[in-house]
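Chemist: Take this structure first; my questions come after.
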Amino acid sequence: MASTFKLENGRFFTNREVECQQIIVHRTHMSTRPALWTLVILFGISGCGVDSGPTGSSTNSATTSTQYEIVTTCGMVTDIVSVVSGDRGNVRGLMGEGVDPHLYKPTRNDQSMLLGADLVFFSGLKLEGRLEDTFASVRRTGKPVHAVTHKLGEPFLLQPPEFEGHFDPHVWMDITAWSQCVDVVADAMAAHDPEHADDYRRRADDYQLQLAEMDDYVRQSISTIPKKRRWLVTAHDAFGYFSRAYKIPTRSVQGISTDSEAAVDDINQLVSFITERKIAAIFVESSVNPKNITAIVEGCKQANWDVRIGGKLFSDAMGAPGSYTGTYLGMMDHNATTITRALGGTAPETGKHGKLKPQLETREAPESTIP
């Protein structure tokens with residue numbers, strides 16, 4: 001019996017069918033004469049028995065479809081590429097809700113998707129470190145592979161001491177910086193499809209106006225938190241750019257990568273830090289195991305300080321696909337609103353656009369004794 005291969009659309013193809021597909025693609029490159037095109041199409045339908053749906057080949061997507069096949073990595077990149085490409089892009093993200101890009105390893109299907117794409121976009125700055133070999137393989141085929149952060153200059157980028165030699169990759173936590181990454185996407189799409197360059201630029205401009213409005217909302221919301229309560233404590237150090245942009249100091253259990261476990265000393269030091277400053281609330285993250293935050297809450301109780309979990313933040317991944325928090329704007333709206341309300345500031349319960357789900361009421365945050 002012939003071995004089979006399962007493609008992403010769920011259909012099984014035999015070795016013979018795969019060989020026939022390769023013959024069809026090879027022959028389409030040989031000539032564009034109508035007679036040969038007819039022969040190729042007839043051969044593809046009757047000789048191989050392959051259905052007429054898309055194969056994921058960059059040749060087919062560029063010549064027989066109105067859309068480009070675009071593969072992205074984390075949700076934040078997927079979202080801005082979807083917005084800018086509009087109906088010209090069939091955008092498929094590798095990483096879904098709650099997936100940690102620091103730890104993500106590509107599957108064989110991921111590799112096939114990437115090699116079959118017309119364009120590839122990723123965040124960069126070592127965020128998707130375990131995909132770097134695959135990106136190199138795609139580049140060797142001549143396919144365009146774009147890091148959306150590549151135009152951010154070194155003076156802007158943060159370089160934490162424990163990550164010496166590498167920059168903090170979580171730049172989307174500063175909305176103004178992420179807006180610059182939208183320009184990279186628009187430029188790349190325009191270079192690949194010059195005929196529709198104006199459309200890509202228009203969509204990027206419209207989206208950047210929305211980003212500017214959300215940036216104002218986040219900045220204003222965080223500023224309402226009393227300074228004595230303004231500490232952001234999270235599971236890992238994903239909020240460095242947020243801290244700098246929106247003037248809220250931050251501490252975390254783990255560093256900027258989740259690739260290593262937090263030590264007991266790290267947890268104990270953070271417990272002391274929280275109890276000394278009487279910090280009201282700390283936060284779990286959707287893509288990080290909450291066990292360290294839970295341990296800190298218990299440690300604070302033993303030290304006679306009742307800190308509470310102020311909510312779940314989106315750090316390295318967005319919310320559910322199709323939901324408001326499954327968009328970058330919704331993610332940042334949720335984070336700012338959740339942080340502000342948990343730490344005693346003022347923000348609408350349902351966020352800037354009234355689209356957030358109301359959170360369960362929690363007790364009032366304890367007063368801090370630090371002036």
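Every chain in the structure tokens takes a letter, A first, then B, and so on in the order presented; its residues are numbered from 1, and the ligands are numbered from 1 following the presented order.
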Could you name the residues that touch Lys291 (chain A) at 12 Å or less, counting only C-alpha atoms, but leaving out those on the same chain fewer than 5 positions away, as a PyMOL selection string?

Modeler: chain A and resi 234-236+253-254+261-262+267+283-285+296-298

Chemist: Could you pull the residues within 10 Å of Leu158 (chain A), counting only C-alpha atoms, minus those fewer than 5 positions along the same chain, as a ChimeraX atom specification?

Modeler: /A:163,166-171,240-241,244

Chemist: For Lys105 (chain A), please output as a list of chain:residue names all residues within 9 Å (counting only C-alpha atoms; exclusion window: fewer than 5 positions along the same chain).

Modeler: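 Result of the neighbour search: A:Glu128, A:Gly129, A:Arg130, A:Leu131.
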
Chemist: Neighbours of Asp174 (chain A) within 10 Å (only C-alpha atoms; same-chain residues fewer than 2 positions away dropped), as a PyMOL selection string?

Modeler: chain A and resi 170-172+176-179+215+218+239-246+332

Chemist: Neighbouring residues of region 70-79 of chain A were defined as those with any atom within 8 Å, considering only C-alpha atoms; residues of the same chain fewer than 3 positions away were excluded. Please report them as a ChimeraX atom specification.

Modeler: /A:82-83,89-97,101,113-114,117-123,128,148,172,316-318,326-328

Chemist: Report, in Å with one decimal, the straight-line distance from CA of Trp305 (chain A) to CA of Arg230 (chain A).

Modeler: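 Separation of CA of Trp305 (chain A) and CA of Arg230 (chain A): 17.2 Å.
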
Chemist: Contacts of region 274-276 of chain A at 8 Å or less, counting only C-alpha atoms, minus same-chain residues fewer than 4 places along, as a PDB file with N, CA and C atoms, in the first residue's frame?

Modeler:
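Everything below was put into result_30.pdb:
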```
ATOM      1  N   LEU A 270      11.134  38.289  45.775  1.00  0.00           N
ATOM      2  CA  LEU A 270       9.969  39.039  45.311  1.00  0.00           C
ATOM      3  C   LEU A 270       8.901  39.123  46.397  1.00  0.00           C
ATOM      4  N   CYS A 300       3.465  35.677  50.593  1.00  0.00           N
ATOM      5  CA  CYS A 300       3.053  36.957  51.188  1.00  0.00           C
ATOM      6  C   CYS A 300       2.096  36.740  52.355  1.00  0.00           C
ATOM      7  N   ALA A 303       3.870  36.021  55.335  1.00  0.00           N
ATOM      8  CA  ALA A 303       4.532  37.236  55.833  1.00  0.00           C
ATOM      9  C   ALA A 303       3.510  38.291  56.271  1.00  0.00           C
ATOM     10  N   TRP A 305       0.961  39.624  54.668  1.00  0.00           N
ATOM     11  CA  TRP A 305       0.463  40.596  53.697  1.00  0.00           C
ATOM     12  C   TRP A 305      -0.409  39.868  52.681  1.00  0.00           C
TER      13      TRP A 305
END
```

Chemist: Have a look at CA of Asp216 (chain A) and CA of Ala320 (chain A) and let me know their distance in Å, one decimal.

Modeler: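 A separation of 24.8 Å between them.
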